[in-house]
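Notes for the one structure printed next.
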Amino acid sequence: MIPSDVLTPRLREPQPAPGSAITVRPLQPSDKHALLAFFRRLPVNERGRFFPDAMIDPVLVAKWCQHWSSGRSRVVTAWSGDRMIGGGAIDLARQHMHAHVGRIRMAVDPEYRRMGVGQMIMHELLDIAPNLGVEWLDAEVGSHEAAALRFLRRLSFHERGVLPDHGQDMLGGRFDVVLLARHVETHLPPEIGGHG
Ligand SMILES: CC(C)(COP(=O)(O)OP(=O)(O)OC[C@H]1O[C@@H](n2cnc3c(N)ncnc32)[C@H](O)[C@@H]1OP(=O)(O)O)[C@@H](O)C(=O)NCCC(=O)NCCS
């Protein structure tokens, strides 16, 4: 298992389950068992990076599947066959002041890291964002999480500041949080030179 804060070389190309490709698609209500299994494969200290709750509760997971891709979150999932191997979300702000800003959450199955799965998920989220009226995507990462920082920088997120002691680990210890942001291309209608 690769801890997320360790920088590692890219060793392999994505290796989907036999007979299937790695695919990315929105979360669906029928995904609840796969989502729960994915949750359990994540190291405990990383679950909160994607899931809003660090507790394993099948009832809660079923509820997430029903509501996550409506309301204020849009969730996409990556698959190798019937195994969920990653998830990413854009959370929309409640306040009008931040209505054009989305917040990113993401995690990849430790066995599938450094294979481009995170990038596939992020590209899907970047595709969805303009349709949600999002102009900026923000992400928050612990200052010690070297892999996540490199991942986000690689995907054109830029550091906008450090919030001292704003992170909390599972034991209640504090750490600094780096705020990163990326501008999102708005899809312009084709007649004025956009992608449509
Ligand atoms: C951060 C995370 C989502 C990356 O997912 P991933 O599928 O392993 O990332 P990718 O394989 O798509 O990597 C894309 C780029 O990020 C960088 N990168 C990602 N993980 C890295 C690592 N462990 N070491 C070095 N570079 C890394 C590389 O530049 C890589 O590009 P390259 O393969 O062409 O060199 C994953 O490590 C994770 O789930 N971490 C725990 C949760 C977390 O920290 N979430 C916060 C992210 S918003």
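Numbering starts fresh at 1 for the residues of each chain in the structure tokens, the chains themselves are lettered A, B, ... in the order given, and ligands are numbered from 1 as they appear.
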
Expected selection as a PyMOL selection string for ligand 1 within 8 Å, only C-alpha atoms and all ligand atoms: chain A and resi 2-10+46-47+49-50+86+104-110+112-120+139-141+145-155

DSSP alpha helix (DSSP H) selection over chain A, as a compact mmCIF listing (two decimals) with C-alpha atoms, in the first residue's frame:
# COMPACT_ATOMS: atom_id res chain seq x y z
CA LYS A 32 -23.63 1.58 -2.51
CA HIS A 33 -21.88 -1.79 -1.99
CA ALA A 34 -18.93 -0.84 -4.18
CA LEU A 35 -18.70 2.53 -2.44
CA LEU A 36 -18.64 0.87 0.98
CA ALA A 37 -15.92 -1.55 -0.16
CA PHE A 38 -13.90 1.38 -1.56
CA PHE A 39 -14.31 3.24 1.74
CA ARG A 40 -12.95 0.20 3.62
CA ARG A 41 -9.89 -0.08 1.34
CA PRO A 58 -23.80 1.00 5.49
CA VAL A 59 -26.99 3.03 6.01
CA LEU A 60 -25.06 6.29 5.70
CA VAL A 61 -23.27 5.02 2.59
CA ALA A 62 -26.60 4.15 0.95
CA LYS A 63 -27.82 7.67 1.75
CA TRP A 64 -24.67 9.21 0.22
CA CYS A 65 -25.31 7.30 -3.01
CA GLN A 66 -28.85 8.68 -3.17
CA HIS A 67 -27.94 12.29 -2.55
CA VAL A 117 -6.57 7.33 -12.13
CA GLY A 118 -6.53 10.58 -10.13
CA GLN A 119 -5.87 12.50 -13.33
CA MET A 120 -8.81 10.79 -15.07
CA ILE A 121 -11.11 11.76 -12.20
CA MET A 122 -9.85 15.34 -12.15
CA HIS A 123 -10.35 15.75 -15.90
CA GLU A 124 -13.95 14.58 -15.50
CA LEU A 125 -14.51 17.09 -12.68
CA LEU A 126 -12.95 19.87 -14.80
CA ASP A 127 -15.38 18.94 -17.57
CA ILE A 128 -18.39 19.11 -15.24
CA ALA A 146 3.68 15.68 -0.61
CA ALA A 147 1.95 13.38 -3.13
CA ALA A 148 -1.34 15.28 -3.04
CA LEU A 149 0.49 18.61 -3.38
CA ARG A 150 2.47 17.38 -6.36
CA PHE A 151 -0.68 15.90 -7.90
CA LEU A 152 -2.59 19.19 -7.65
CA ARG A 153 0.33 21.33 -8.88
CA ARG A 154 0.70 18.98 -11.83

Selection: 12 Å around A:Gln168, only C-alpha atoms, excl. self and same-chain fewer than 3 positions, as a list in words: Asn45, Glu46, Gly48, Arg49, Val141, Gly142, Ser143, Leu163, Pro164, Asp165, Leu171, Gly172, Gly173, Arg174, Phe175, Asp176 and Val177 of chain A

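Of the residues listed (A:Gly161, A:Pro26, A:Gly167, A:Gly133), A:Pro26 shows the shortest atom-to-atom separation from A:Thr77; distances use only C-alpha atoms.
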
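In this model, the gap between atom CA of A:Arg94 and atom CA of A:Ala181 comes to 18.3 Å.
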
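Closest to A:Val24 among A:Asp82, A:Glu159, A:Asp91, A:Asp138 is A:Asp82, based on only C-alpha atoms.
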
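Minimum atom-to-atom distance to A:Ser69, evaluated using only C-alpha atoms, belongs to A:Leu27 out of A:Leu27, A:Pro52, A:Asp57, A:His96.
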
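Coordinates place atom CA of A:His98 at a distance of 14.6 Å from atom CA of A:Pro130.
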
Filtered DSSP result for stretch 117-157 of chain A, state strand (DSSP E), as a ChimeraX atom specification: /A:136-142

Could you give me, as an NGL selection string, the residues within 7 Å of stretch 70-74 of chain A, counting only C-alpha atoms and dropping anything in the same chain fewer than 6 positions from it? :A and (89-92)
